[in-house]
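S.K.: Structure incoming, see below.
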Amino acid sequence: MHTRYPQPELKDLPEDIRAKILEVQEKAGFVPNVFLGLARRPAEWRAFFAYHDALMVPESVGRESGLSKGDREMIVTTTSAANNCLYCVVAHGAILRIYEKKPLVADQVAVNYRKADITPRQRAMLDFAMKVCQHSDHIEDADFAALHAHGFSDEDAWDIAAITAFFGLSNRMASFSHMMPNPEFYLMGRVPKQK
């Protein structure tokens, strides 16, 4: 089954959105379905991707983060799995494999991050993210202390929580609209590139 909402044609989109999508296509070699899936409502598309970029590419808004690109994608993959979002697990899992240069990590964190081949620091980060994902009303000082013990700052905790919360929205929009992952995502980062 295809998405419940038809994707607009690239030619029919506002120029700023079309330019951004073409930039992504140039870089990735394809257009991830989320870009066209959300473009049916241009104002929401702009707001979504502005917040996405502020969180996932903080340098684009002149902000530093204590989280690596791989850390951010690991949070998305792990919490999206908890939310049963096929699109985000597959798409962000692909990006995670590439950033971490670990072909097995995305599947591991999506199924059970506690048994994944990740660092104790990353496990503490995901413990916090999963608590925000499933029981944000239970976050307490001890949760911050556990992050501090691994060198995370309060600003890093904010990043972990904000990424988790933002992708909670993304997960729900992708799931309810039946957004499917592009086939290209499934193979990305699984086999090292030939030199």
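Going by the structure tokens order, chains are called A, B, ..., each with residues numbered from 1, while ligands are numbered from 1 in the order shown.
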Give me the segment 19-62 of chain A side of the contact with segment 149-164 of chain A, cut-off 9 Å, one line per residue showing its nearest atom pair and distance in Å at one decimal, counting only C-alpha atoms, sorted by chain and residue number, as a Markdown table.

M.R.:
```
| residue | atom | partner | partner_atom | distance |
| --- | --- | --- | --- | --- |
| A:His52 | CA | A:Ile163 | CA | 8.3 |
| A:Leu55 | CA | A:Ile163 | CA | 6.4 |
| A:Met56 | CA | A:Ile163 | CA | 7.7 |
```

S.K.: Keeping only N, CA and C atoms, write the selected residues to a file as a PDB file, in the first residue's frame.

M.R.:
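See part-v2.pdb below for the written result:
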```pdb
ATOM      1  N   HIS A  52      13.967  20.485  12.371  1.00  0.00           N
ATOM      2  CA  HIS A  52      14.816  19.313  12.102  1.00  0.00           C
ATOM      3  C   HIS A  52      16.277  19.749  11.985  1.00  0.00           C
ATOM      4  N   LEU A  55      18.033  20.901  15.166  1.00  0.00           N
ATOM      5  CA  LEU A  55      18.379  19.799  16.064  1.00  0.00           C
ATOM      6  C   LEU A  55      19.440  18.871  15.480  1.00  0.00           C
ATOM      7  N   MET A  56      19.293  18.515  14.231  1.00  0.00           N
ATOM      8  CA  MET A  56      20.137  17.473  13.634  1.00  0.00           C
ATOM      9  C   MET A  56      21.389  18.039  12.959  1.00  0.00           C
TER      10      MET A  56
END
```

S.K.: Give me, as a ChimeraX atom specification, all polymer residues having an atom no more than 9 Å from Gln7 of chain A, counting only C-alpha atoms and skipping those fewer than 6 positions away in the same chain.

M.R.: /A:33,36-40

S.K.: Pick the closest to Met125 of chain A from A:Glu44, A:Asp107, A:Glu73, A:Glu100: which is it, counting only C-alpha atoms?

M.R.: A:Glu73

S.K.: Running DSSP on the backbone, which parts of segment 28-59 of chain A land in helix (DSSP H, G or I), as a list in words?

M.R.: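 Answer for segment 28-59 of chain A, restricted to helix (DSSP H, G or I): Ala28, Asn33, Val34, Phe35, Leu36, Gly37, Pro42, Ala43, Glu44, Trp45, Arg46, Ala47, Phe48, Phe49, Ala50, Tyr51, His52, Asp53, Ala54, Leu55, Met56, Pro58 and Glu59 of chain A.
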
S.K.: Please determine, counting only C-alpha atoms, which residue among A:Ala91, A:Val191, A:Ala82, A:Ile17 has the shortest atom-to-atom distance to Pro32 of chain A.

M.R.: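 Nearest to Pro32 of chain A: A:Ala91.
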
S.K.: Rounded to one decimal place, report the atom CA of Gly70 of chain A-atom CA of Met173 of chain A distance in Å.

M.R.: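 So the answer is 23.4 Å.
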
S.K.: Near Asn171 of chain A, counting only C-alpha atoms, which residues have an atom at most 10 Å away, once you skip same-chain residues fewer than 3 positions from it, shown as a ChimeraX atom specification?

M.R.: /A:76,79-89,165-168,174-176,179

S.K.: Pick the closest to Pro42 of chain A from A:Val57, A:Leu13, A:Ala116, A:Leu67: which is it, counting only C-alpha atoms?

M.R.: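 When distances to Pro42 of chain A are compared using only C-alpha atoms, the smallest one comes from A:Leu13.
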